[in-house]
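Written below as structure tokens is the structure these notes are about.
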Amino acid sequence: MYSIRASIADELAEIEAAGLTKRERAIDSPQAASVVANGAEVLNFCSNNYLGLADDPRIVEAAKTALDEWGFGMASVRFICGTQTQHLELESRLASFLGQEACILYSSCFDANGGLFETLLDASDAVISDALNHASIIDGIRLSKAKRYRYANRDMAELEAHLQDAQGARRRLIVTDGVFSMDGYLAPLEAICDLAERYDAMVMVDDSHAVGFTGATGAGTPELAGVQHRVDIISGTLGKALGGASGGYIAARAEIVDLLRQRSRPYLFSNALAPSVVAGSLKALDLVEGAGELREQLRRNTEHFRAGMEQAGFELLPGEHPITAVMFHDARLAAEMADAMLEEGVYVTAFSFPVVPRGEARIRVQLSAAHSDADVDRAVAAFAAARERVAGSSAR
């Protein structure tokens, strides 16, 4: 007789046997450059806390004040009674910061991407997506009835071929991450915009791993590539460089945002962002606008770490983004290295299938402006010590 419980247990056992089980470690402290995990203080090199603002006392104070002034939660979706004036202020500030006409808030960037495509596209349209786009984009596209095309990561020749194939569509939308989160690669946005204009397509960029610290003012990869006013739609998160709490957004032309307010299901049927998150995010924007020194520190930390790891003989994916993929290829080895790193006092996480393709297991290191030079040196030394520890264990 078929047993659902036994079948699921077997599936979990297969995941464990393949070394693919993902375990969560409980942190007993605020998110910061150093955290308390497993009862010990360790350096944190796997957070999206790029500018070190997650525990910034000015943001914490803004959130505390908002609890008194605005309450704990909205208990409503936006169009019923869930819109405070500060929600509108945050949307306006984000649109201005990103160089777009308007902005709409969501409970997460996953929801923002999940609510975009089915609203904007139907069966007469086409969407052309980079193969390494985030899971939220992939799932969002699945909800749409548009014809789907996929091009190899950053392959402009294949993108152009798909644009040619899609010429009969009513609308054509090119979709790309600004930064590919598992690799740290930047999208070739200037070339993408050139093709979009040639084939009368729109461009959408998920810039979650860039906004706040990439570009001259931190406005992200469109600013860095000089194409801010050539990108039609930007999605992103408040949960990374902009304070690290929660929430996402779509910033776009006004008519696109207006349509999303009318028909985007995750927006229409999800509670509005908590008042404290909105207030903290507004303060984070204030800080980001004057964060040139933090952005420079982040750049230096990234260069310092990459140079040290290459000198120590580790295989890194190339790039200049704070996401630094240290490649081990074997899932079990990557997991053992992450465990050994924690014993060495550095918190990192191994990534394996299905988060990355089979055979491309890695530890994704993420630098922060909150890290000191000594922190970076200690992380490199911990990688070297962990390598020796794991090699010795294997030899036994």
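In the structure tokens, chains take letters A, B, ... by order of appearance, with residues numbered from 1 within each chain and ligands from 1 in the order shown.
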
Backbone DSSP call of alpha helix (DSSP H) for segment 45-106 of chain A, listed as a PyMOL selection string = chain A and resi 57-70+78-81+85-98

Residues from the last selection, N, CA, C and O atoms, saved as a compact mmCIF listing (two decimals), in the first residue's frame:
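Final output, selection26.txt:
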# COMPACT_ATOMS: atom_id res chain seq x y z
N PRO A 57 21.97 51.87 14.21
CA PRO A 57 21.11 52.41 15.28
C PRO A 57 20.13 53.48 14.79
O PRO A 57 19.06 53.66 15.37
N ARG A 58 20.48 54.19 13.70
CA ARG A 58 19.57 55.22 13.19
C ARG A 58 18.34 54.58 12.54
O ARG A 58 17.22 55.10 12.66
N ILE A 59 18.54 53.45 11.89
CA ILE A 59 17.40 52.74 11.30
C ILE A 59 16.57 52.08 12.39
O ILE A 59 15.33 52.12 12.35
N VAL A 60 17.24 51.49 13.35
CA VAL A 60 16.52 50.86 14.47
C VAL A 60 15.66 51.90 15.19
O VAL A 60 14.50 51.65 15.54
N GLU A 61 16.21 53.08 15.42
CA GLU A 61 15.47 54.13 16.11
C GLU A 61 14.27 54.59 15.29
O GLU A 61 13.18 54.84 15.84
N ALA A 62 14.45 54.71 13.96
CA ALA A 62 13.32 55.09 13.10
C ALA A 62 12.21 54.06 13.17
O ALA A 62 11.01 54.41 13.21
N ALA A 63 12.58 52.78 13.21
CA ALA A 63 11.58 51.72 13.29
C ALA A 63 10.88 51.74 14.65
O ALA A 63 9.65 51.55 14.73
N LYS A 64 11.63 51.99 15.72
CA LYS A 64 11.02 52.07 17.05
C LYS A 64 10.03 53.23 17.14
O LYS A 64 8.92 53.08 17.66
N THR A 65 10.42 54.36 16.61
CA THR A 65 9.54 55.53 16.63
C THR A 65 8.26 55.25 15.84
O THR A 65 7.16 55.66 16.25
N ALA A 66 8.40 54.55 14.73
CA ALA A 66 7.24 54.23 13.91
C ALA A 66 6.24 53.34 14.64
O ALA A 66 5.03 53.45 14.43
N LEU A 67 6.71 52.47 15.51
CA LEU A 67 5.80 51.63 16.29
C LEU A 67 4.88 52.49 17.15
O LEU A 67 3.68 52.22 17.28
N ASP A 68 5.43 53.57 17.71
CA ASP A 68 4.62 54.46 18.53
C ASP A 68 3.71 55.33 17.68
O ASP A 68 2.55 55.58 18.04
N GLU A 69 4.22 55.80 16.56
CA GLU A 69 3.48 56.77 15.75
C GLU A 69 2.49 56.13 14.77
O GLU A 69 1.44 56.69 14.48
N TRP A 70 2.84 54.92 14.26
CA TRP A 70 2.06 54.33 13.18
C TRP A 70 1.44 52.98 13.54
O TRP A 70 0.65 52.44 12.76
N ARG A 78 -3.52 47.06 0.69
CA ARG A 78 -3.36 48.47 0.41
C ARG A 78 -4.66 49.15 -0.03
O ARG A 78 -4.98 50.26 0.42
N PHE A 79 -5.44 48.53 -0.92
CA PHE A 79 -6.57 49.25 -1.49
C PHE A 79 -7.80 49.31 -0.57
O PHE A 79 -8.76 50.03 -0.85
N ILE A 80 -7.77 48.58 0.53
CA ILE A 80 -8.90 48.65 1.47
C ILE A 80 -8.60 49.77 2.49
O ILE A 80 -9.14 50.87 2.39
N CYS A 81 -7.74 49.48 3.45
CA CYS A 81 -7.36 50.55 4.40
C CYS A 81 -5.93 50.33 4.87
O CYS A 81 -5.61 50.52 6.04
N THR A 85 0.37 57.38 4.69
CA THR A 85 1.10 58.37 3.88
C THR A 85 2.57 58.00 3.75
O THR A 85 3.21 58.32 2.75
N GLN A 86 3.11 57.28 4.74
CA GLN A 86 4.53 56.91 4.62
C GLN A 86 4.74 55.81 3.58
O GLN A 86 5.83 55.73 3.00
N HIS A 87 3.74 54.98 3.31
CA HIS A 87 3.87 54.04 2.20
C HIS A 87 4.01 54.80 0.89
O HIS A 87 4.85 54.46 0.04
N LEU A 88 3.20 55.82 0.72
CA LEU A 88 3.26 56.62 -0.50
C LEU A 88 4.59 57.37 -0.60
O LEU A 88 5.16 57.50 -1.69
N GLU A 89 5.08 57.83 0.54
CA GLU A 89 6.37 58.53 0.55
C GLU A 89 7.50 57.59 0.14
O GLU A 89 8.37 57.97 -0.66
N LEU A 90 7.49 56.37 0.66
CA LEU A 90 8.54 55.41 0.31
C LEU A 90 8.49 55.08 -1.17
O LEU A 90 9.53 54.99 -1.84
N GLU A 91 7.30 54.90 -1.71
CA GLU A 91 7.18 54.61 -3.15
C GLU A 91 7.72 55.77 -3.98
O GLU A 91 8.44 55.56 -4.96
N SER A 92 7.40 56.99 -3.59
CA SER A 92 7.88 58.16 -4.32
C SER A 92 9.40 58.28 -4.22
O SER A 92 10.08 58.56 -5.22
N ARG A 93 9.94 58.04 -3.04
CA ARG A 93 11.39 58.14 -2.84
C ARG A 93 12.13 57.09 -3.65
O ARG A 93 13.17 57.37 -4.26
N LEU A 94 11.62 55.86 -3.68
CA LEU A 94 12.27 54.80 -4.44
C LEU A 94 12.23 55.10 -5.94
O LEU A 94 13.24 54.92 -6.64
N ALA A 95 11.10 55.57 -6.44
CA ALA A 95 10.99 55.89 -7.86
C ALA A 95 12.01 56.96 -8.23
O ALA A 95 12.71 56.84 -9.25
N SER A 96 12.12 57.99 -7.43
CA SER A 96 13.06 59.07 -7.71
C SER A 96 14.50 58.56 -7.65
O SER A 96 15.31 58.88 -8.52
N PHE A 97 14.81 57.77 -6.63
CA PHE A 97 16.17 57.24 -6.46
C PHE A 97 16.59 56.37 -7.66
O PHE A 97 17.74 56.43 -8.11
N LEU A 98 15.64 55.61 -8.19
CA LEU A 98 15.95 54.67 -9.28
C LEU A 98 15.76 55.29 -10.67
O LEU A 98 15.97 54.61 -11.67

task = Pick out the closest residue to Val326 of chain A from this set: A:Tyr347, A:Tyr149, A:Phe383, A:Tyr249. Count only C-alpha atoms.
result =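 Counting only C-alpha atoms, the residue closest to Val326 of chain A is A:Phe383.
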
Top pick for closest residue to Gly178 of chain A, considering A:Arg154, A:Arg25, A:Arg263, A:Arg299 and counting only C-alpha atoms = A:Arg154

key: Contacts of segment 15-22 of chain A at 7 Å (only C-alpha atoms; same-chain gap of 2+ positions) as a list in words   =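 Here the qualifying residues turn out to be Glu11, Leu12, Ala13, Glu24, Ala331, Arg332, Ser352 and Phe353 of chain A.
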
inquiry  = My list of candidates is A:Asp183, A:Asp258, A:Glu303, A:Glu310. Which is closest to Pro357 of chain A when distances are computed with only C-alpha atoms?
reply    =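 For Pro357 of chain A, the nearest of the given residues is A:Asp183.
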